[in-house]
file structure.cif (mmCIF, C-alpha atoms)
data_start
#
loop_
_atom_site.label_atom_id
_atom_site.label_comp_id
_atom_site.auth_asym_id
_atom_site.auth_seq_id
_atom_site.Cartn_x
_atom_site.Cartn_y
_atom_site.Cartn_z
CA MET A 186 92.39 85.75 114.23
CA ARG A 187 91.40 89.05 115.80
CA VAL A 188 89.88 91.86 113.71
CA ILE A 189 90.34 95.35 115.17
CA THR A 190 88.65 98.49 113.86
CA LYS A 191 89.45 100.99 116.65
CA ILE A 192 92.86 102.45 117.45
CA SER A 193 91.99 102.28 121.13
CA ASP A 194 91.61 98.48 120.87
CA LEU A 195 95.10 97.84 119.48
CA PRO A 196 97.00 95.57 121.88
CA ASP A 197 100.45 95.70 123.41
CA TYR A 198 102.63 92.99 121.89
CA LEU A 199 104.69 92.26 125.02
CA GLY A 200 108.03 92.08 123.25
CA MET A 201 106.87 89.83 120.42
CA LYS A 202 108.53 90.13 117.02
CA VAL A 203 105.85 91.61 114.76
CA GLY A 204 105.67 91.16 110.99
CA PHE A 205 103.35 93.61 109.28
CA VAL A 206 101.71 93.61 105.84
CA PRO A 207 99.83 96.81 104.89
CA THR A 208 97.16 96.33 102.21
CA MET A 209 94.16 98.08 100.69
CA GLY A 210 92.29 94.78 100.55
CA ALA A 211 90.96 93.02 97.44
CA LEU A 212 93.67 90.53 98.32
CA HIS A 213 95.47 88.39 95.76
CA GLU A 214 98.34 85.93 95.85
CA GLY A 215 100.89 88.75 95.97
CA HIS A 216 99.47 89.97 99.28
CA LEU A 217 99.15 86.44 100.63
CA SER A 218 102.78 85.65 99.81
CA LEU A 219 103.84 88.65 101.91
CA MET A 220 101.66 87.43 104.78
CA ARG A 221 103.20 83.97 104.56
CA ALA A 222 106.68 85.49 104.70
CA ALA A 223 105.67 87.53 107.74
CA LYS A 224 104.19 84.43 109.37
CA ALA A 225 107.33 82.37 108.74
CA ASN A 226 109.76 84.91 110.18
CA ASN A 227 107.96 86.56 113.10
CA SER A 228 106.12 85.57 116.26
CA LEU A 229 103.06 87.71 115.47
CA THR A 230 101.64 88.56 112.04
CA VAL A 231 99.59 91.73 111.61
CA ALA A 232 97.90 92.90 108.40
CA SER A 233 96.03 96.10 107.74
CA ILE A 234 93.14 96.44 105.31
CA PHE A 235 92.49 100.10 104.59
CA VAL A 236 91.52 101.82 101.34
CA ASN A 237 93.47 105.02 101.84
CA PRO A 238 91.53 108.06 100.59
CA LEU A 239 94.61 110.29 100.84
CA GLN A 240 96.41 108.52 97.99
CA PHE A 241 93.61 108.85 95.44
CA LEU A 242 93.26 111.85 93.15
CA PRO A 243 89.76 113.36 92.74
CA ASN A 244 89.30 111.70 89.32
CA GLU A 245 90.53 108.27 90.44
CA ASP A 246 88.71 105.16 91.59
CA TYR A 247 88.45 105.56 95.37
CA GLY A 248 84.67 105.17 95.35
CA ARG A 249 84.69 102.01 93.26
CA TYR A 250 87.88 100.43 94.56
CA PRO A 251 86.98 96.81 95.40
CA ARG A 252 86.26 96.13 99.08
CA PRO A 253 85.44 92.41 99.46
CA ILE A 254 86.12 92.51 103.19
CA GLU A 255 84.54 89.15 104.13
CA ARG A 256 86.60 87.31 101.51
CA ASP A 257 89.72 89.23 102.53
CA LEU A 258 89.29 88.26 106.18
CA GLU A 259 88.81 84.62 105.20
CA LEU A 260 92.05 84.72 103.20
CA CYS A 261 93.94 86.37 106.08
CA GLU A 262 92.73 83.71 108.47
CA ALA A 263 93.63 80.93 106.04
CA VAL A 264 97.28 82.04 105.85
CA GLY A 265 97.53 82.45 109.61
CA VAL A 266 97.39 86.20 110.18
CA ASP A 267 96.98 86.89 113.90
CA ILE A 268 95.57 90.44 113.82
CA VAL A 269 93.83 92.39 111.07
CA PHE A 270 93.56 96.14 111.57
CA ASN A 271 90.58 97.35 109.51
CA PRO A 272 89.87 100.96 110.52
CA THR A 273 87.46 103.40 108.91
CA ALA A 274 88.72 106.56 107.22
CA ASP A 275 87.32 108.63 110.09
CA GLU A 276 89.28 106.52 112.56
CA LEU A 277 92.66 106.58 110.81
CA VAL A 278 92.61 109.84 108.81
CA GLY A 279 90.41 112.05 110.97
CA ASP A 280 90.70 115.69 109.92
CA GLY A 281 93.92 114.91 108.05
CA LEU A 282 95.69 118.15 108.98
CA THR A 283 99.18 116.64 109.34
CA THR A 284 100.84 114.89 106.40
CA VAL A 285 104.22 113.38 105.54
CA ALA A 286 105.99 114.59 102.39
CA VAL A 287 109.03 112.70 101.08
CA GLU A 288 111.13 114.80 98.70
CA GLY A 289 113.26 113.77 95.74
CA VAL A 290 112.18 110.23 94.96
CA THR A 291 108.54 111.35 94.64
CA GLU A 292 109.09 114.03 92.02
CA LEU A 293 108.81 112.04 88.77
CA TYR A 294 106.81 109.19 87.24
CA GLU A 295 104.02 108.18 89.66
CA GLY A 296 104.59 111.37 91.66
CA LEU A 297 104.29 113.52 88.54
CA ALA A 298 101.35 111.60 87.09
CA ARG A 299 99.49 111.52 90.41
CA PRO A 300 100.34 114.67 92.42
CA GLY A 301 99.76 114.17 96.13
CA HIS A 302 99.61 110.38 95.81
CA PHE A 303 102.87 109.64 97.61
CA GLU A 304 102.16 112.15 100.34
CA GLY A 305 98.96 110.21 101.00
CA VAL A 306 100.83 106.89 100.99
CA ALA A 307 103.61 108.12 103.28
CA THR A 308 101.17 109.71 105.73
CA ILE A 309 99.12 106.55 106.23
CA VAL A 310 102.10 104.18 106.28
CA ALA A 311 103.74 106.41 108.90
CA LYS A 312 100.56 106.27 111.01
CA LEU A 313 100.38 102.50 110.68
CA PHE A 314 104.03 102.13 111.68
CA MET A 315 103.49 104.27 114.77
CA LEU A 316 100.26 102.53 115.78
CA LEU A 317 101.24 98.92 115.06
CA ARG A 318 104.98 99.17 115.90
CA PRO A 319 106.14 96.34 113.61
CA ASN A 320 109.65 94.96 113.65
CA VAL A 321 109.48 94.07 109.96
CA ALA A 322 107.13 95.45 107.28
CA TYR A 323 106.58 93.62 104.00
CA PHE A 324 105.98 95.24 100.58
CA GLY A 325 105.83 94.02 96.99
CA LEU A 326 108.21 95.43 94.40
CA LYS A 327 105.50 95.81 91.76
CA ASP A 328 105.02 99.25 93.31
CA LEU A 329 108.74 99.99 93.02
CA GLN A 330 108.59 103.76 93.44
CA GLN A 331 106.32 103.37 96.47
CA CYS A 332 108.85 100.99 98.03
CA LEU A 333 111.62 103.54 97.50
CA VAL A 334 109.47 106.33 98.98
CA ILE A 335 108.80 104.25 102.09
CA ARG A 336 112.47 103.31 102.37
CA GLN A 337 113.44 107.00 102.25
CA MET A 338 110.79 107.90 104.83
CA VAL A 339 111.96 105.17 107.21
CA LYS A 340 115.58 106.31 106.84
CA ASP A 341 114.87 110.02 107.24
CA LEU A 342 112.40 109.72 110.14
CA HIS A 343 114.36 106.96 111.92
CA PHE A 344 111.48 104.53 112.13
CA PRO A 345 112.65 101.43 114.04
CA VAL A 346 111.35 99.04 111.39
CA GLU A 347 113.08 96.73 108.95
CA LEU A 348 111.69 96.70 105.41
CA ALA A 349 111.36 93.48 103.41
CA PHE A 350 110.69 93.87 99.69
CA SER A 351 109.46 90.87 97.69
CA PRO A 352 109.61 90.26 93.91
CA THR A 353 106.54 90.90 91.78
CA LEU A 354 104.23 87.91 91.43
CA ARG A 355 102.66 87.34 88.03
CA GLU A 356 99.95 85.44 86.25
CA ASP A 357 101.10 82.62 83.96
CA ASP A 358 101.08 85.02 81.00
CA GLY A 359 103.29 87.56 82.79
CA LEU A 360 100.71 90.12 83.94
CA ALA A 361 101.70 91.49 87.34
CA LEU A 362 99.16 90.63 90.04
CA SER A 363 97.09 93.68 91.00
CA SER A 364 93.72 94.28 92.61
CA ARG A 365 92.88 96.55 89.67
CA ASN A 366 93.27 93.75 87.10
CA ARG A 367 89.63 92.85 87.76
CA TYR A 368 88.68 96.11 86.01
CA LEU A 369 90.04 94.86 82.67
CA SER A 370 87.61 93.84 79.95
CA GLU A 371 88.24 90.49 78.23
CA THR A 372 89.90 92.25 75.29
CA HIS A 373 92.10 94.40 77.51
CA ARG A 374 92.98 91.42 79.70
CA ARG A 375 94.35 89.62 76.63
CA ALA A 376 96.45 92.66 75.73
CA ALA A 377 97.67 93.45 79.26
CA PRO A 378 100.64 91.01 79.35
CA LYS A 379 102.25 92.96 76.52
CA LEU A 380 103.35 95.55 79.09
CA TYR A 381 105.64 93.01 80.74
CA GLU A 382 106.55 91.56 77.34
CA ILE A 383 107.94 94.88 76.13
CA LEU A 384 109.79 95.49 79.40
CA ARG A 385 111.52 92.14 78.97
CA HIS A 386 112.37 92.97 75.36
CA ILE A 387 113.83 96.35 76.27
CA SER A 388 115.73 94.75 79.15
CA GLY A 389 117.51 92.47 76.70
CA GLN A 390 118.39 95.39 74.44
CA VAL A 391 119.66 97.55 77.29
CA GLN A 392 121.81 94.79 78.76
CA ALA A 393 123.25 94.10 75.32
CA ASN A 394 124.35 97.76 75.22
CA GLU A 395 122.03 98.61 72.36
CA ASN A 396 120.67 102.15 71.95
CA SER A 397 118.42 102.63 74.97
CA ASP A 398 116.65 105.70 73.59
CA ALA A 399 115.71 103.77 70.46
CA ALA A 400 114.59 100.78 72.55
CA LEU A 401 112.34 102.94 74.73
CA THR A 402 110.86 104.72 71.71
CA GLU A 403 110.19 101.38 70.05
CA GLY A 404 108.58 100.17 73.25
CA LYS A 405 106.20 103.13 73.43
CA GLN A 406 105.24 102.62 69.79
CA TYR A 407 104.61 98.92 70.38
CA LEU A 408 102.36 99.62 73.37
CA ALA A 409 100.41 102.31 71.49
CA ALA A 410 99.89 99.92 68.58
CA ASN A 411 98.41 97.40 71.00
CA GLY A 412 95.88 99.75 72.54
CA PHE A 413 97.83 101.21 75.46
CA VAL A 414 97.96 104.90 76.35
CA VAL A 415 101.42 105.29 77.85
CA ASP A 416 102.01 107.49 80.89
CA TYR A 417 105.71 106.69 81.02
CA LEU A 418 108.26 104.09 79.96
CA ASP A 419 111.79 104.70 81.17
CA TRP A 420 115.05 103.32 82.52
CA VAL A 421 115.89 104.67 85.98
CA SER A 422 118.44 104.34 88.72
CA VAL A 423 117.52 102.83 92.06
CA PRO A 424 117.00 104.23 94.67
CA ASP A 425 116.62 107.81 93.38
CA MET A 426 114.42 107.21 90.27
CA ARG A 427 116.76 109.30 88.09
CA SER A 428 116.46 108.64 84.35
CA ILE A 429 119.56 106.93 82.94
CA ARG A 430 120.65 105.75 79.51
CA GLU A 431 123.84 103.69 79.89
CA ILE A 432 124.99 100.61 81.79
CA GLY A 433 127.26 101.79 84.60
CA GLU A 434 125.39 105.02 85.36
CA SER A 435 123.88 103.31 88.39
CA SER A 436 124.86 100.21 90.35
CA GLU A 437 121.19 99.20 90.39
CA SER A 438 118.52 100.18 87.90
CA ALA A 439 115.04 99.32 86.68
CA LEU A 440 112.82 99.61 83.65
CA ILE A 441 109.50 101.13 84.70
CA ALA A 442 106.19 101.58 82.91
CA ALA A 443 102.68 102.88 83.48
CA ALA A 444 99.96 102.76 80.86
CA TYR A 445 96.20 102.70 80.48
CA LEU A 446 94.15 100.01 78.85
CA GLY A 447 90.74 101.60 78.61
CA LYS A 448 90.13 103.12 82.03
CA THR A 449 92.46 100.70 83.84
CA ARG A 450 95.92 101.98 84.70
CA LEU A 451 98.63 99.30 84.87
CA ILE A 452 102.12 99.70 86.30
CA ASP A 453 105.06 97.33 86.09
CA ASN A 454 108.84 97.21 86.31
CA ILE A 455 111.86 94.99 85.86
CA LEU A 456 114.91 95.35 88.08
CA LEU A 457 118.16 95.08 86.13
#
call {"tool": "encode", "arguments": {"input": "structure.cif", "output": "structure tokens"}}
result
Amino acid sequence: MRVITKISDLPDYLGMKVGFVPTMGALHEGHLSLMRAAKANNSLTVASIFVNPLQFLPNEDYGRYPRPIERDLELCEAVGVDIVFNPTADELVGDGLTTVAVEGVTELYEGLARPGHFEGVATIVAKLFMLLRPNVAYFGLKDLQQCLVIRQMVKDLHFPVELAFSPTLREDDGLALSSRNRYLSETHRRAAPKLYEILRHISGQVQANENSDAALTEGKQYLAANGFVVDYLDWVSVPDMRSIREIGESSESALIAAAYLGKTRLIDNILL
């Protein structure tokens, strides 16, 4: 496995089919499953490990975001990654004068709660696509809105890359795998699976044509009673993230949620 930190050292791939997995490190089984998929379906597997400063708000956890780089590199090598691109912020961001803004799908939910976040994501993903020139890029659907933002960017800017989205991987108790789960205290870790639990409950109510407004209100009350501070809990259409309330309003939809347990912000979703 080759580890590259400088843009100038990135190789030509000589016509090889490249599968790419972008990450911020602190790797878990969700990341590794994407790398295995890339390895199985491409002739060269490339991963990036880069904690992107552009997608963090000033009051967020950029400074303390976990960076266990030696362990991450060992995991990449164990699953058969061929190249790891691990640039510094100075190398990849530079002065940061040019950014990519995706309209529409970024306006609500994560985009509203974290202004500027998706512009930071889109800018760095666009740079990685241009530098690494993958044929296929792999993303996890836990970050559903991010996946839809990247899909819109690829479509609008005509990036020659296929996107592969994989289902959310979970712990045995249902908690979605996330690098930030390590922030949870023991008490909050025991409560955290209730976010997925209530999404599943609301999913059953919605698909049984019960009152969706009442189900969502009940869900917010349940989370608050179990120690969560809810950012949002809603039923939306895919791919435009428009709030909906009835079966048939969208051919594809999802229940989405974001909530704090203590200082840890959890997000999750269920595709319907």
call {"tool": "closest_atom_pairs", "arguments": {"input": "structure.cif", "of": "range 220-330 of chain A", "to": "range 423-439 of chain A", "cutoff": "10 Å", "atoms": "all atoms listed in the file", "output": "tab-separated table"}}
result
residue	atom	partner	partner_atom	distance
A:Gly289	CA	A:Asp425	CA	7.2
A:Val290	CA	A:Asp425	CA	5.3
A:Thr291	CA	A:Met426	CA	8.4
A:Glu292	CA	A:Met426	CA	8.8
A:Leu293	CA	A:Met426	CA	7.6
A:Tyr294	CA	A:Met426	CA	8.4
A:Leu329	CA	A:Ala439	CA	9.0
A:Gln330	CA	A:Met426	CA	7.5
call {"tool": "residues_near_point", "arguments": {"input": "structure.cif", "point": "(98.7, 96.9, 105.3)", "cutoff": "10 Å", "atoms": "all atoms listed in the file", "output": "PDB file with C-alpha atoms, keeping the file's coordinate frame"}}
result
ATOM      1  CA  PHE A 205     103.350  93.610 109.280  1.00  0.00           C
ATOM      2  CA  VAL A 206     101.710  93.610 105.840  1.00  0.00           C
ATOM      3  CA  PRO A 207      99.830  96.810 104.890  1.00  0.00           C
ATOM      4  CA  THR A 208      97.160  96.330 102.210  1.00  0.00           C
ATOM      5  CA  MET A 209      94.160  98.080 100.690  1.00  0.00           C
ATOM      6  CA  GLY A 210      92.290  94.780 100.550  1.00  0.00           C
ATOM      7  CA  HIS A 216      99.470  89.970  99.280  1.00  0.00           C
ATOM      8  CA  MET A 220     101.660  87.430 104.780  1.00  0.00           C
ATOM      9  CA  VAL A 231      99.590  91.730 111.610  1.00  0.00           C
ATOM     10  CA  ALA A 232      97.900  92.900 108.400  1.00  0.00           C
ATOM     11  CA  SER A 233      96.030  96.100 107.740  1.00  0.00           C
ATOM     12  CA  ILE A 234      93.140  96.440 105.310  1.00  0.00           C
ATOM     13  CA  PHE A 235      92.490 100.100 104.590  1.00  0.00           C
ATOM     14  CA  VAL A 236      91.520 101.820 101.340  1.00  0.00           C
ATOM     15  CA  VAL A 269      93.830  92.390 111.070  1.00  0.00           C
ATOM     16  CA  PHE A 270      93.560  96.140 111.570  1.00  0.00           C
ATOM     17  CA  ASN A 271      90.580  97.350 109.510  1.00  0.00           C
ATOM     18  CA  ILE A 309      99.120 106.550 106.230  1.00  0.00           C
ATOM     19  CA  VAL A 310     102.100 104.180 106.280  1.00  0.00           C
ATOM     20  CA  LEU A 313     100.380 102.500 110.680  1.00  0.00           C
ATOM     21  CA  PHE A 314     104.030 102.130 111.680  1.00  0.00           C
ATOM     22  CA  ALA A 322     107.130  95.450 107.280  1.00  0.00           C
ATOM     23  CA  TYR A 323     106.580  93.620 104.000  1.00  0.00           C
ATOM     24  CA  PHE A 324     105.980  95.240 100.580  1.00  0.00           C
TER      25      PHE A 324
END
call {"tool": "residues_around", "arguments": {"input": "structure.cif", "residues": "range 339-352 of chain A", "least_positions_apart": "2", "cutoff": "10 Å", "atoms": "only C-alpha atoms", "output": "ChimeraX atom specification"}}
result
/A:203-206,215,218-219,222-223,287,307,310-311,314-315,318-327,329,332-337,354-355,455-456
call {"tool": "residues_around", "arguments": {"input": "structure.cif", "residues": "Asn366 in chain A", "least_positions_apart": "4", "cutoff": "12 Å", "atoms": "all atoms listed in the file", "output": "PyMOL selection string"}}
result
chain A and resi 211-213+250-251+355-356+360-362+370-371+373-378+445-452
call {"tool": "closest_residue", "arguments": {"input": "structure.cif", "among": "A:Arg252, A:Glu262, A:Asn227, A:Asn394", "to": "Val188 in chain A", "atoms": "all atoms listed in the file"}}
result
A:Glu262
call {"tool": "atom_distance", "arguments": {"input": "structure.cif", "atom1": "CA of Ile383 in chain A", "atom2": "CA of Arg365 in chain A"}}
result
20.3 Å
call {"tool": "residues_near_point", "arguments": {"input": "structure.cif", "point": "(105.1, 94.3, 82.8)", "cutoff": "6 Å", "atoms": "all atoms listed in the file", "output": "PyMOL selection string"}}
result
chain A and resi 380-381+384+453-454
call {"tool": "residues_around", "arguments": {"input": "structure.cif", "residues": "Val414 in chain A", "least_positions_apart": "2", "cutoff": "8 Å", "atoms": "only C-alpha atoms", "output": "list of chain:residue names"}}
result
A:Leu408, A:Ala409, A:Gly412, A:Asp416, A:Ala444, A:Tyr445, A:Leu446
call {"tool": "write_last_selection", "arguments": {"input": "structure.cif", "atoms": "C-alpha atoms", "output": "PDB file, in the coordinates of the input"}}
result
ATOM      1  CA  LEU A 408     102.360  99.620  73.370  1.00  0.00           C
ATOM      2  CA  ALA A 409     100.410 102.310  71.490  1.00  0.00           C
ATOM      3  CA  GLY A 412      95.880  99.750  72.540  1.00  0.00           C
ATOM      4  CA  ASP A 416     102.010 107.490  80.890  1.00  0.00           C
ATOM      5  CA  ALA A 444      99.960 102.760  80.860  1.00  0.00           C
ATOM      6  CA  TYR A 445      96.200 102.700  80.480  1.00  0.00           C
ATOM      7  CA  LEU A 446      94.150 100.010  78.850  1.00  0.00           C
TER       8      LEU A 446
END
call {"tool": "atom_distance", "arguments": {"input": "structure.cif", "atom1": "CA of Pro272 in chain A", "atom2": "CA of Asn237 in chain A"}}
result
10.2 Å
call {"tool": "atom_distance", "arguments": {"input": "structure.cif", "atom1": "CA of Trp420 in chain A", "atom2": "CA of Thr353 in chain A"}}
result
17.7 Å
call {"tool": "closest_residue", "arguments": {"input": "structure.cif", "among": "A:Gly359, A:Pro243, A:Pro238, A:Gly200", "to": "Gly305 in chain A", "atoms": "all atoms listed in the file"}}
result
A:Pro238
call {"tool": "residues_around", "arguments": {"input": "structure.cif", "residues": "Leu242 in chain A", "least_positions_apart": "4", "cutoff": "9 Å", "atoms": "all atoms listed in the file", "output": "list of chain:residue names"}}
result
A:Pro238, A:Asp246, A:Tyr247, A:Arg299, A:Pro300, A:Gly301, A:His302
call {"tool": "axis_aligned_box", "arguments": {"input": "structure.cif", "around": "range 328-343 of chain A", "padding_each_side": "3 Å", "output": "lines of an AutoDock Vina configuration file"}}
result
center_x = 110.3
center_y = 104.6
center_z = 102.5
size_x = 16.6
size_y = 16.8
size_z = 24.9
call {"tool": "closest_residue", "arguments": {"input": "structure.cif", "among": "A:Arg249, A:Arg221, A:Arg256, A:Lys191", "to": "Ala274 in chain A", "atoms": "all atoms listed in the file"}}
result
A:Lys191
call {"tool": "closest_residue", "arguments": {"input": "structure.cif", "among": "A:Leu316, A:Leu199, A:Ala442, A:Leu229", "to": "Ile268 in chain A", "atoms": "all atoms listed in the file"}}
result
A:Leu229
call {"tool": "build_atoms", "arguments": {"input": "structure.cif", "residues": "range 373-406 of chain A", "atoms": "N, CA and C atoms", "output": "short mmCIF file (atom, residue, chain, number, x, y, z; two decimals), in the coordinates of the input"}}
result
data_model
loop_
_atom_site.label_atom_id
_atom_site.label_comp_id
_atom_site.auth_asym_id
_atom_site.auth_seq_id
_atom_site.Cartn_x
_atom_site.Cartn_y
_atom_site.Cartn_z
N HIS A 373 90.96 93.74 76.87
CA HIS A 373 92.10 94.40 77.51
C HIS A 373 92.91 93.40 78.33
N ARG A 374 92.23 92.42 78.93
CA ARG A 374 92.98 91.42 79.70
C ARG A 374 93.91 90.62 78.80
N ARG A 375 93.47 90.34 77.56
CA ARG A 375 94.35 89.62 76.63
C ARG A 375 95.55 90.46 76.21
N ALA A 376 95.35 91.77 76.14
CA ALA A 376 96.45 92.66 75.73
C ALA A 376 97.39 92.99 76.87
N ALA A 377 96.91 92.94 78.11
CA ALA A 377 97.67 93.45 79.26
C ALA A 377 99.07 92.86 79.42
N PRO A 378 99.29 91.56 79.17
CA PRO A 378 100.64 91.01 79.35
C PRO A 378 101.69 91.62 78.45
N LYS A 379 101.28 92.35 77.42
CA LYS A 379 102.25 92.96 76.52
C LYS A 379 103.07 94.05 77.21
N LEU A 380 102.56 94.57 78.34
CA LEU A 380 103.35 95.55 79.09
C LEU A 380 104.62 94.90 79.63
N TYR A 381 104.47 93.73 80.23
CA TYR A 381 105.64 93.01 80.74
C TYR A 381 106.49 92.49 79.58
N GLU A 382 105.83 92.06 78.52
CA GLU A 382 106.55 91.56 77.34
C GLU A 382 107.51 92.61 76.80
N ILE A 383 107.06 93.85 76.69
CA ILE A 383 107.94 94.88 76.13
C ILE A 383 109.03 95.27 77.13
N LEU A 384 108.74 95.23 78.41
CA LEU A 384 109.79 95.49 79.40
C LEU A 384 110.90 94.44 79.29
N ARG A 385 110.52 93.20 79.11
CA ARG A 385 111.52 92.14 78.97
C ARG A 385 112.34 92.35 77.69
N HIS A 386 111.67 92.73 76.62
CA HIS A 386 112.37 92.97 75.36
C HIS A 386 113.37 94.11 75.50
N ILE A 387 112.93 95.21 76.09
CA ILE A 387 113.83 96.35 76.27
C ILE A 387 114.97 95.99 77.21
N SER A 388 114.68 95.19 78.23
CA SER A 388 115.73 94.75 79.15
C SER A 388 116.85 94.04 78.41
N GLY A 389 116.49 93.17 77.48
CA GLY A 389 117.51 92.47 76.70
C GLY A 389 118.33 93.42 75.85
N GLN A 390 117.67 94.43 75.26
CA GLN A 390 118.39 95.39 74.44
C GLN A 390 119.33 96.24 75.28
N VAL A 391 118.85 96.70 76.42
CA VAL A 391 119.66 97.55 77.29
C VAL A 391 120.89 96.79 77.78
N GLN A 392 120.68 95.55 78.20
CA GLN A 392 121.81 94.79 78.76
C GLN A 392 122.77 94.31 77.69
N ALA A 393 122.34 94.38 76.44
CA ALA A 393 123.25 94.10 75.32
C ALA A 393 123.92 95.36 74.81
N ASN A 394 123.75 96.47 75.56
CA ASN A 394 124.35 97.76 75.22
C ASN A 394 123.85 98.32 73.90
N GLU A 395 122.62 98.00 73.53
CA GLU A 395 122.03 98.61 72.36
C GLU A 395 121.51 100.00 72.72
N ASN A 396 121.10 100.76 71.73
CA ASN A 396 120.67 102.15 71.95
C ASN A 396 119.42 102.17 72.82
N SER A 397 119.54 102.68 74.04
CA SER A 397 118.42 102.63 74.97
C SER A 397 117.31 103.60 74.58
N ASP A 398 117.67 104.76 74.04
CA ASP A 398 116.65 105.70 73.59
C ASP A 398 115.79 105.08 72.49
N ALA A 399 116.44 104.42 71.55
CA ALA A 399 115.71 103.77 70.46
C ALA A 399 114.84 102.64 71.00
N ALA A 400 115.36 101.89 71.97
CA ALA A 400 114.59 100.78 72.55
C ALA A 400 113.35 101.29 73.26
N LEU A 401 113.49 102.38 74.00
CA LEU A 401 112.34 102.94 74.73
C LEU A 401 111.31 103.52 73.76
N THR A 402 111.78 104.19 72.72
CA THR A 402 110.86 104.72 71.71
C THR A 402 110.11 103.60 71.02
N GLU A 403 110.83 102.55 70.67
CA GLU A 403 110.19 101.38 70.05
C GLU A 403 109.15 100.78 70.98
N GLY A 404 109.50 100.73 72.27
CA GLY A 404 108.58 100.17 73.25
C GLY A 404 107.29 100.97 73.36
N LYS A 405 107.40 102.28 73.37
CA LYS A 405 106.20 103.13 73.43
C LYS A 405 105.34 102.94 72.19
N GLN A 406 105.98 102.82 71.04
CA GLN A 406 105.24 102.62 69.79
C GLN A 406 104.53 101.27 69.80
#
